[in-house]
Amino acid sequence: MEREVRVRFAPSPTGPLHIGGVRTALYNYLLARKTGGKMILRIEDTDQNRFVPGAEDYIRESLEWCGIELDESPWKGGPYAPYRQSERKPMYMQYALQLVNDGHAYYAFDTAEELEEMRERLKAAKVATPQYNAITRMTMKNSLTLPEDEVKQKLESGEPYVIRLKVPRKEEIRLKDMIRGWVMVHSSSVDDKVLMKSDGMPTYHLANIVDDHLMKITHVIRGEEWLPSAPLHVLLYRYLGWEDTMPEFAHLPLLLKPDGNGKLSKRDGDKLGFPVFPLRWEDPFSKEISSGYRESGYLPEAFINFLAFLGWNPGTSQEIFSMEELANEFTVERIGKSGTRFDIQKARWFNEQYLRAKPDSELAGYLIKALEEHNMTTTPEKAEKIAGLMKERVSFPQDFWQEAKYFFVAPEEYSEKVASKKWNAPSVAVFEDFKNELPSLQNFNADTVKELLVSILDRHNMKIGQVMQALRLAVTGAEAGPDLMHIIEVIGSGETAQRLENAISKLSKYASA
Ligand code: GLU
């Protein structure tokens with residue numbers, strides 16, 4: 001019988017979620033939605049030393065903002081609760097003991113100093129990667145080298161110990177990755193990983209395998225950095241007797257820096273000129289602030305569409321996909337094998353497309369909000385008209401205010417460059433007439449404004465192209481913008497006349513020249 005697809009996103013709350021992590025969550029989510037399966041979130045917090053306050057809330061908020069819905073999670077619960085590994089602590093020991101009893105794991109009593117000593121010894125002997133493994137374990141203090149009664153006595157007296165996996169010396173470990181195909185690793189390159197720590201907590205490896213098994217996970221989709229651990233995980237499934245229900249693996253290619261040189265890392269912060277986190281993050285210890293996509297004005301739909309394409313493609317030229325469309329189209333097989341360069345211009349492009357697709361009435365909301373922040377008001381009709389005029393010219397919601405401020409505030413400064421080139425006495429003569437005749441214009445709108453301007457220009461024997469830039473300068477203070485007649489229609493005849501008068505007096509030095 002086909003098993004129900006169950007995927008999980010398993011972050012460790014060691015800091016803010018990196019965009020690479022969001023992409024991992026997204027691909028898991030898309031597979032779950034495509035197959036009618038379940039998306040699970042599990043918090044992997046067995047490493048208490050790396051715990052960062054606020055990180056778990058951050059993960060939750062980020063996924064909510066993106067629209068990645070969870071079917072089972074620490075917050076929602078579910079049939080395999082708890083979903084936080086620290087709360088599952090009592091479950092893991094029995095599996096570690098099963099491995100010891102079956103001869104696949106062993107107790108190790110080595111102190112930190114003894115481990116250090118071993119590493120030094122191996123280094124001196126020019127061993128390339130000094131590690132606790134099939135060869136070196138026989139020189140250490142563990143239940144494979146110590147007499148049975150001594151081991152028993154140590155355990156009973158409460159001496160600290162760890163449980164290590166007994167990795168075979170010579171064995172080829174094969175693993176089928178959905179993206180890379182067969183991956184082969186020789187066991188001699190795998191060390192005897194600690195499974196249970198001396199504090200009674202499992203390590204990532206044991207907890208991850210036990211939980212994936214108990215939570216009936218069918219597919220493990222995760223970052224490429226976990227590929228080296230995968231052979232070890234295969235051994236664990238085998239030794240625990242769970243190989244027949246082992247999940248399928250898909251290791252995602254890395255997200256690379258824009259120049260293709262190396263992985264885009266959390267430490268890049270804002271150094272590359274764009275955020276690497278979905279939401280703004282303030283480090284609770286250093287108080288350092290990192291910017292987020294949300295606060296920078298990215299729409300969650302655009303952010304998701306952009307992330308989906310960083311490593312996956314639909315095989316067609318279509319680029320704009322809603323979450324639902326992505327879920328319909330998504331297949332793990334269409335994820336690329338090689339790393340993907342990060343391209344912030346593309347993220348911006350997606351944002352522009354999503355903004356433009358919104359109705360003017362919704363875009364007007366951004367403007368109204370910004371006006372409120374500046375203690376100003378406007379009518380919904382006016383805001384909607386401005387939003388419609390500006391939508392092709394903005395990349396982010398906050399641009400509506402930045403770029404359209406002149407609809408509400410008369411210019412105080414004028415571009416020197418345009419003024420010196422385009423402001424002159426003949427234009428001013430036209431503007432004098434224009435400002436005087438505007439207030440008596442019947443049916444004031446963009447068309448009638450243009451007719452009036454053209455008729456005045458005729459009288460002065462001039463063409464519209466000769467005055468347009470100067471007129472825009474006078475009315476908006478800017479060099480460029482949407483259709484000027486529509487701007488005047490929105491600003492109104494009285495205000496336009498007033499602005500012309502201001503400009504004529506403030507720019508007089510250019511007209512007399
Ligand atoms: N806790 C691991 C992480 O932080 C999960 C890796 C996995 O998905 O197996 O990425």
# chains A, B, ... in the order shown; residues from 1 in each chain; ligands from 1
$ residues_near_ligand --ligand "ligand 1" --cutoff "9 Å" --atoms "only C-alpha atoms and all ligand atoms" --output "list in words"
Arg8, Phe9, Ala10, Pro11, Ser12, Pro13, Thr14, Gly21, Thr24, Arg42, Ile43, Glu44, Asp45, Tyr204, His205, Asn208, Ile209, Asp212, Val220, Ile221, Arg222, Gly223, Glu225, Trp226, Ser229 and Ala230 of chain A
$ residues_around --residues "Leu255 of chain A" --least-positions-apart "6" --cutoff "6 Å" --atoms "only C-alpha atoms" --output "number ranges by chain"
A: 263-264, 339-340
$ closest_atom_pairs --of "segment 47-119 of chain A" --to "segment 164-178 of chain A" --cutoff "10 Å" --atoms "only C-alpha atoms" --output "tab-separated table"
residue	atom	partner	partner_atom	distance
A:Ala96	CA	A:Arg164	CA	8.8
A:Leu99	CA	A:Leu165	CA	8.0
A:Val100	CA	A:Leu165	CA	8.4
A:Gly103	CA	A:Lys166	CA	7.7
A:His104	CA	A:Lys166	CA	5.1
A:Ala105	CA	A:Leu165	CA	4.3
A:Tyr106	CA	A:Arg164	CA	5.5
A:Tyr107	CA	A:Arg164	CA	6.4
A:Ala108	CA	A:Arg164	CA	6.8
$ write_last_selection --atoms "all heavy atoms" --output "JSON list (two decimals), in the first residue's frame"
[["chain", "number", "residue", "atom", "x", "y", "z"],
["A", 96, "ALA", "N", 18.98, 3.78, 21.91],
["A", 96, "ALA", "CA", 20.44, 3.73, 22.04],
["A", 96, "ALA", "C", 20.81, 2.40, 22.72],
["A", 96, "ALA", "O", 21.76, 1.72, 22.30],
["A", 96, "ALA", "CB", 20.92, 4.91, 22.86],
["A", 99, "LEU", "N", 20.62, -0.52, 20.43],
["A", 99, "LEU", "CA", 21.80, -0.60, 19.57],
["A", 99, "LEU", "C", 22.99, -1.21, 20.32],
["A", 99, "LEU", "O", 23.74, -2.01, 19.76],
["A", 99, "LEU", "CB", 22.17, 0.79, 19.03],
["A", 99, "LEU", "CG", 21.19, 1.38, 18.01],
["A", 99, "LEU", "CD1", 21.48, 2.86, 17.77],
["A", 99, "LEU", "CD2", 21.26, 0.62, 16.68],
["A", 100, "VAL", "N", 23.13, -0.84, 21.61],
["A", 100, "VAL", "CA", 24.23, -1.40, 22.41],
["A", 100, "VAL", "C", 24.02, -2.92, 22.54],
["A", 100, "VAL", "O", 24.93, -3.72, 22.29],
["A", 100, "VAL", "CB", 24.29, -0.74, 23.81],
["A", 100, "VAL", "CG1", 25.33, -1.44, 24.68],
["A", 100, "VAL", "CG2", 24.60, 0.75, 23.70],
["A", 103, "GLY", "N", 24.91, -4.93, 19.64],
["A", 103, "GLY", "CA", 26.32, -4.85, 19.22],
["A", 103, "GLY", "C", 26.61, -3.78, 18.18],
["A", 103, "GLY", "O", 27.64, -3.78, 17.54],
["A", 104, "HIS", "N", 25.70, -2.82, 18.01],
["A", 104, "HIS", "CA", 25.93, -1.77, 17.03],
["A", 104, "HIS", "C", 26.34, -0.44, 17.66],
["A", 104, "HIS", "O", 26.56, 0.55, 16.95],
["A", 104, "HIS", "CB", 24.66, -1.54, 16.20],
["A", 104, "HIS", "CG", 24.32, -2.71, 15.34],
["A", 104, "HIS", "ND1", 25.20, -3.23, 14.43],
["A", 104, "HIS", "CD2", 23.20, -3.47, 15.27],
["A", 104, "HIS", "CE1", 24.64, -4.27, 13.83],
["A", 104, "HIS", "NE2", 23.43, -4.45, 14.32],
["A", 105, "ALA", "N", 26.38, -0.43, 18.97],
["A", 105, "ALA", "CA", 26.81, 0.80, 19.65],
["A", 105, "ALA", "C", 27.51, 0.38, 20.94],
["A", 105, "ALA", "O", 27.42, -0.78, 21.35],
["A", 105, "ALA", "CB", 25.61, 1.68, 19.95],
["A", 106, "TYR", "N", 28.19, 1.31, 21.56],
["A", 106, "TYR", "CA", 28.94, 0.97, 22.77],
["A", 106, "TYR", "C", 29.08, 2.19, 23.68],
["A", 106, "TYR", "O", 28.91, 3.33, 23.24],
["A", 106, "TYR", "CB", 30.31, 0.39, 22.39],
["A", 106, "TYR", "CG", 31.16, 1.32, 21.55],
["A", 106, "TYR", "CD1", 32.06, 2.22, 22.15],
["A", 106, "TYR", "CD2", 31.08, 1.34, 20.15],
["A", 106, "TYR", "CE1", 32.83, 3.08, 21.39],
["A", 106, "TYR", "CE2", 31.85, 2.18, 19.39],
["A", 106, "TYR", "CZ", 32.73, 3.06, 20.00],
["A", 106, "TYR", "OH", 33.48, 3.94, 19.25],
["A", 107, "TYR", "N", 29.36, 1.90, 24.95],
["A", 107, "TYR", "CA", 29.57, 2.97, 25.93],
["A", 107, "TYR", "C", 31.00, 3.46, 25.80],
["A", 107, "TYR", "O", 31.91, 2.67, 25.62],
["A", 107, "TYR", "CB", 29.39, 2.45, 27.35],
["A", 107, "TYR", "CG", 28.01, 1.92, 27.65],
["A", 107, "TYR", "CD1", 27.78, 0.55, 27.71],
["A", 107, "TYR", "CD2", 26.95, 2.79, 27.88],
["A", 107, "TYR", "CE1", 26.51, 0.05, 27.98],
["A", 107, "TYR", "CE2", 25.67, 2.30, 28.16],
["A", 107, "TYR", "CZ", 25.46, 0.93, 28.21],
["A", 107, "TYR", "OH", 24.21, 0.46, 28.48],
["A", 108, "ALA", "N", 31.20, 4.76, 25.91],
["A", 108, "ALA", "CA", 32.57, 5.29, 25.91],
["A", 108, "ALA", "C", 32.73, 6.24, 27.10],
["A", 108, "ALA", "O", 31.85, 7.06, 27.37],
["A", 108, "ALA", "CB", 32.84, 6.02, 24.60]]
$ residues_around --residues "Gln442 of chain A" --least-positions-apart "4" --cutoff "12 Å" --atoms "only C-alpha atoms" --output "PyMOL selection string"
chain A and resi 437-438+446-449+451-452+493
$ select_by_dssp --residues "segment 195-441 of chain A" --states "helix (DSSP H, G or I)" --output "PyMOL selection string"
chain A and resi 204-214+224-239+243-245+266-268+300-308+323-329+332-334+344-356+360-373+380-393+399-407+416-422+425-440
$ residues_around --residues "Gly492 of chain A" --least-positions-apart "2" --cutoff "12 Å" --atoms "only C-alpha atoms" --output "list in words"
Lys382, Phe407, Phe408, Lys435, Leu438, Pro439, Ser440, Leu441, Asn443, Phe444, Asn445, Ala446, Val449, Val475, Met485, His486, Ile487, Ile488, Glu489, Val490, Gly494, Glu495, Thr496, Ala497, Gln498 and Arg499 of chain A
$ write_last_selection --atoms "C-alpha atoms" --output "PDB file, in the first residue's frame"
ATOM      1  CA  LYS A 382      -7.834  60.008  -4.876  1.00  0.00           C
ATOM      2  CA  PHE A 407       0.589  64.641  -5.038  1.00  0.00           C
ATOM      3  CA  PHE A 408       0.186  65.858  -1.468  1.00  0.00           C
ATOM      4  CA  LYS A 435      -2.201  79.276 -14.359  1.00  0.00           C
ATOM      5  CA  LEU A 438      -6.878  76.820 -15.340  1.00  0.00           C
ATOM      6  CA  PRO A 439      -9.313  77.799 -12.549  1.00  0.00           C
ATOM      7  CA  SER A 440     -12.071  78.666 -15.034  1.00  0.00           C
ATOM      8  CA  LEU A 441     -11.726  75.426 -17.000  1.00  0.00           C
ATOM      9  CA  ASN A 443     -15.043  69.787 -16.883  1.00  0.00           C
ATOM     10  CA  PHE A 444     -11.598  69.760 -15.337  1.00  0.00           C
ATOM     11  CA  ASN A 445      -9.807  66.540 -16.297  1.00  0.00           C
ATOM     12  CA  ALA A 446      -6.611  65.313 -17.999  1.00  0.00           C
ATOM     13  CA  VAL A 449      -6.231  70.334 -19.220  1.00  0.00           C
ATOM     14  CA  VAL A 475       4.164  70.871 -10.621  1.00  0.00           C
ATOM     15  CA  MET A 485      -1.973  65.716 -17.354  1.00  0.00           C
ATOM     16  CA  HIS A 486      -3.259  62.942 -15.096  1.00  0.00           C
ATOM     17  CA  ILE A 487      -1.112  64.226 -12.259  1.00  0.00           C
ATOM     18  CA  ILE A 488      -2.642  67.698 -12.721  1.00  0.00           C
ATOM     19  CA  GLU A 489      -6.121  66.173 -12.789  1.00  0.00           C
ATOM     20  CA  VAL A 490      -5.458  64.577  -9.384  1.00  0.00           C
ATOM     21  CA  GLY A 494      -6.221  75.562  -7.696  1.00  0.00           C
ATOM     22  CA  GLU A 495      -3.210  73.688  -6.336  1.00  0.00           C
ATOM     23  CA  THR A 496      -1.624  73.410  -9.791  1.00  0.00           C
ATOM     24  CA  ALA A 497      -2.026  77.146 -10.351  1.00  0.00           C
ATOM     25  CA  GLN A 498      -0.489  77.791  -6.946  1.00  0.00           C
ATOM     26  CA  ARG A 499       2.493  75.544  -7.698  1.00  0.00           C
TER      27      ARG A 499
END
$ residues_around --residues "Val332 of chain A" --least-positions-apart "5" --cutoff "12 Å" --atoms "only C-alpha atoms" --output "short mmCIF file (atom, residue, chain, number, x, y, z; two decimals) with N, CA and C atoms, in the first residue's frame"
data_model
loop_
_atom_site.label_atom_id
_atom_site.label_comp_id
_atom_site.auth_asym_id
_atom_site.auth_seq_id
_atom_site.Cartn_x
_atom_site.Cartn_y
_atom_site.Cartn_z
N THR A 24 13.95 25.35 2.05
CA THR A 24 13.79 23.93 2.42
C THR A 24 12.37 23.66 2.90
N LEU A 26 9.76 25.35 2.18
CA LEU A 26 8.85 25.51 1.05
C LEU A 26 8.79 24.24 0.19
N TYR A 27 9.94 23.68 -0.15
CA TYR A 27 9.95 22.48 -1.00
C TYR A 27 9.25 21.31 -0.30
N ASN A 28 9.46 21.20 1.00
CA ASN A 28 8.74 20.16 1.75
C ASN A 28 7.24 20.40 1.66
N TYR A 29 6.87 21.64 1.89
CA TYR A 29 5.45 22.01 1.89
C TYR A 29 4.82 21.73 0.52
N LEU A 30 5.54 22.07 -0.54
CA LEU A 30 4.99 21.88 -1.88
C LEU A 30 4.77 20.40 -2.17
N LEU A 31 5.71 19.58 -1.72
CA LEU A 31 5.52 18.13 -1.95
C LEU A 31 4.30 17.63 -1.17
N ALA A 32 4.16 18.11 0.07
CA ALA A 32 3.00 17.69 0.88
C ALA A 32 1.71 18.11 0.20
N LYS A 34 1.17 18.89 -2.95
CA LYS A 34 0.99 18.23 -4.25
C LYS A 34 0.39 16.84 -4.09
N THR A 35 0.84 16.14 -3.04
CA THR A 35 0.46 14.74 -2.88
C THR A 35 -0.69 14.55 -1.90
N ASP A 177 19.65 9.16 -3.49
CA ASP A 177 19.14 10.52 -3.30
C ASP A 177 18.25 10.87 -4.49
N MET A 178 17.11 11.46 -4.21
CA MET A 178 16.15 11.74 -5.29
C MET A 178 16.68 12.76 -6.29
N ILE A 179 17.62 13.58 -5.85
CA ILE A 179 18.17 14.61 -6.75
C ILE A 179 19.49 14.13 -7.37
N ARG A 180 20.31 13.47 -6.58
CA ARG A 180 21.65 13.11 -7.05
C ARG A 180 21.81 11.68 -7.54
N HIS A 219 9.61 11.33 3.33
CA HIS A 219 10.62 12.01 2.51
C HIS A 219 11.38 13.00 3.37
N VAL A 220 12.70 12.95 3.26
CA VAL A 220 13.54 13.92 3.97
C VAL A 220 14.12 14.86 2.92
N ILE A 221 13.61 16.08 2.90
CA ILE A 221 14.13 17.08 1.95
C ILE A 221 14.87 18.09 2.79
N ARG A 222 16.18 18.20 2.58
CA ARG A 222 16.97 19.09 3.44
C ARG A 222 18.19 19.58 2.68
N GLU A 248 12.70 8.49 1.84
CA GLU A 248 13.52 8.82 0.68
C GLU A 248 14.24 10.14 1.00
N PHE A 249 15.44 10.28 0.45
CA PHE A 249 16.23 11.49 0.74
C PHE A 249 16.33 12.39 -0.49
N ALA A 250 16.28 13.69 -0.25
CA ALA A 250 16.56 14.66 -1.32
C ALA A 250 17.39 15.77 -0.69
N HIS A 251 18.64 15.89 -1.13
CA HIS A 251 19.52 16.94 -0.58
C HIS A 251 19.58 18.11 -1.56
N LEU A 252 19.10 19.25 -1.08
CA LEU A 252 18.95 20.43 -1.95
C LEU A 252 20.28 21.11 -2.23
N PRO A 253 20.47 21.60 -3.45
CA PRO A 253 21.72 22.30 -3.77
C PRO A 253 21.84 23.58 -2.93
N ALA A 308 11.04 29.71 -4.73
CA ALA A 308 10.74 28.44 -5.42
C ALA A 308 11.66 28.26 -6.62
N GLY A 311 16.51 27.09 -7.47
CA GLY A 311 16.86 25.68 -7.34
C GLY A 311 15.88 24.75 -8.05
N TRP A 312 14.70 25.28 -8.36
CA TRP A 312 13.69 24.47 -9.03
C TRP A 312 13.22 25.24 -10.25
N ASN A 313 12.75 24.53 -11.28
CA ASN A 313 12.09 25.23 -12.38
C ASN A 313 11.00 24.34 -12.94
N PRO A 314 9.97 24.95 -13.52
CA PRO A 314 8.83 24.15 -13.97
C PRO A 314 9.05 23.50 -15.34
N LEU A 326 2.30 26.45 -7.69
CA LEU A 326 3.58 25.81 -7.40
C LEU A 326 3.37 24.39 -6.91
N ALA A 327 2.39 24.25 -6.00
CA ALA A 327 2.12 22.91 -5.45
C ALA A 327 1.69 21.95 -6.56
N LYS A 337 20.80 20.05 -9.61
CA LYS A 337 21.85 19.40 -8.81
C LYS A 337 22.88 20.41 -8.31
#
$ atom_distance --atom1 "atom CA of Tyr366 of chain A" --atom2 "atom CA of Pro397 of chain A"
6.0 Å
$ select_by_dssp --residues "segment 159-400 of chain A" --states "strand (DSSP E or B)" --output "PyMOL selection string"
chain A and resi 162-165+172-177+181-186+194-196+202+219-223+248-252+255-256+263+277+281-282+289-290+292+312+335+340-341
$ write_last_selection --atoms "C-alpha atoms" --output "mmCIF file, in the first residue's frame"
data_model
loop_
_atom_site.group_PDB
_atom_site.id
_atom_site.type_symbol
_atom_site.label_atom_id
_atom_site.label_comp_id
_atom_site.auth_asym_id
_atom_site.auth_seq_id
_atom_site.Cartn_x
_atom_site.Cartn_y
_atom_site.Cartn_z
ATOM 1 C CA VAL A 162 28.399 8.646 25.981
ATOM 2 C CA ILE A 163 27.013 6.022 23.625
ATOM 3 C CA ARG A 164 28.756 5.807 20.264
ATOM 4 C CA LEU A 165 27.725 4.096 17.064
ATOM 5 C CA GLU A 172 30.246 0.446 1.259
ATOM 6 C CA ILE A 173 27.238 2.469 2.332
ATOM 7 C CA ARG A 174 24.842 3.187 -0.523
ATOM 8 C CA LEU A 175 22.126 5.765 -0.464
ATOM 9 C CA LYS A 176 19.690 6.777 -3.155
ATOM 10 C CA ASP A 177 19.142 10.516 -3.299
ATOM 11 C CA GLY A 181 20.936 9.451 -7.702
ATOM 12 C CA TRP A 182 23.117 6.850 -5.968
ATOM 13 C CA VAL A 183 25.587 8.213 -3.469
ATOM 14 C CA MET A 184 28.296 5.843 -2.281
ATOM 15 C CA VAL A 185 30.349 6.339 0.858
ATOM 16 C CA HIS A 186 32.959 4.078 2.365
ATOM 17 C CA VAL A 194 28.098 10.022 19.576
ATOM 18 C CA LEU A 195 24.411 9.068 19.771
ATOM 19 C CA MET A 196 23.725 9.800 23.447
ATOM 20 C CA PRO A 202 20.476 12.338 22.262
ATOM 21 C CA HIS A 219 10.622 12.006 2.510
ATOM 22 C CA VAL A 220 13.538 13.916 3.974
ATOM 23 C CA ILE A 221 14.126 17.076 1.948
ATOM 24 C CA ARG A 222 16.966 19.089 3.437
ATOM 25 C CA GLY A 223 20.048 21.133 2.639
ATOM 26 C CA GLU A 248 13.524 8.825 0.684
ATOM 27 C CA PHE A 249 16.230 11.487 0.735
ATOM 28 C CA ALA A 250 16.563 14.662 -1.316
ATOM 29 C CA HIS A 251 19.521 16.936 -0.579
ATOM 30 C CA LEU A 252 18.953 20.430 -1.947
ATOM 31 C CA LEU A 255 22.226 28.824 -2.302
ATOM 32 C CA LEU A 256 25.302 30.681 -3.489
ATOM 33 C CA LYS A 263 27.516 29.581 0.130
ATOM 34 C CA PHE A 277 16.472 36.508 6.658
ATOM 35 C CA TRP A 281 15.949 39.956 13.552
ATOM 36 C CA GLU A 282 17.486 41.493 16.590
ATOM 37 C CA ILE A 289 19.876 44.021 13.877
ATOM 38 C CA SER A 290 19.552 42.190 10.558
ATOM 39 C CA GLY A 292 14.206 41.117 6.720
ATOM 40 C CA TRP A 312 13.687 24.467 -9.031
ATOM 41 C CA ILE A 335 15.251 20.438 -8.539
ATOM 42 C CA THR A 340 21.994 28.402 -7.366
ATOM 43 C CA ARG A 341 23.293 31.959 -7.364
#
$ residues_around --residues "Lys358 of chain A" --least-positions-apart "2" --cutoff "12 Å" --atoms "only C-alpha atoms" --output "list of chain:residue names"
A:Leu299, A:Glu301, A:Asn351, A:Glu352, A:Gln353, A:Tyr354, A:Leu355, A:Arg356, A:Asp360, A:Ser361, A:Glu362, A:Leu363, A:Ala364, A:Gly365, A:Tyr366, A:Glu384, A:Ala387, A:Gly388, A:Lys391, A:Glu392, A:Pro397
$ closest_residue --among "A:Phe285, A:Trp423, A:Tyr95, A:Phe434" --to "Ala511 of chain A" --atoms "only C-alpha atoms"
A:Trp423
$ residues_around --residues "Met138 of chain A" --least-positions-apart "3" --cutoff "12 Å" --atoms "only C-alpha atoms" --output "PyMOL selection string"
chain A and resi 106+108+118+132-135+141-146+166+192
$ atom_distance --atom1 "atom CA of Arg137 of chain A" --atom2 "atom CA of Glu243 of chain A"
26.3 Å
$ atom_distance --atom1 "atom CA of Pro284 of chain A" --atom2 "atom CA of Glu224 of chain A"
28.6 Å
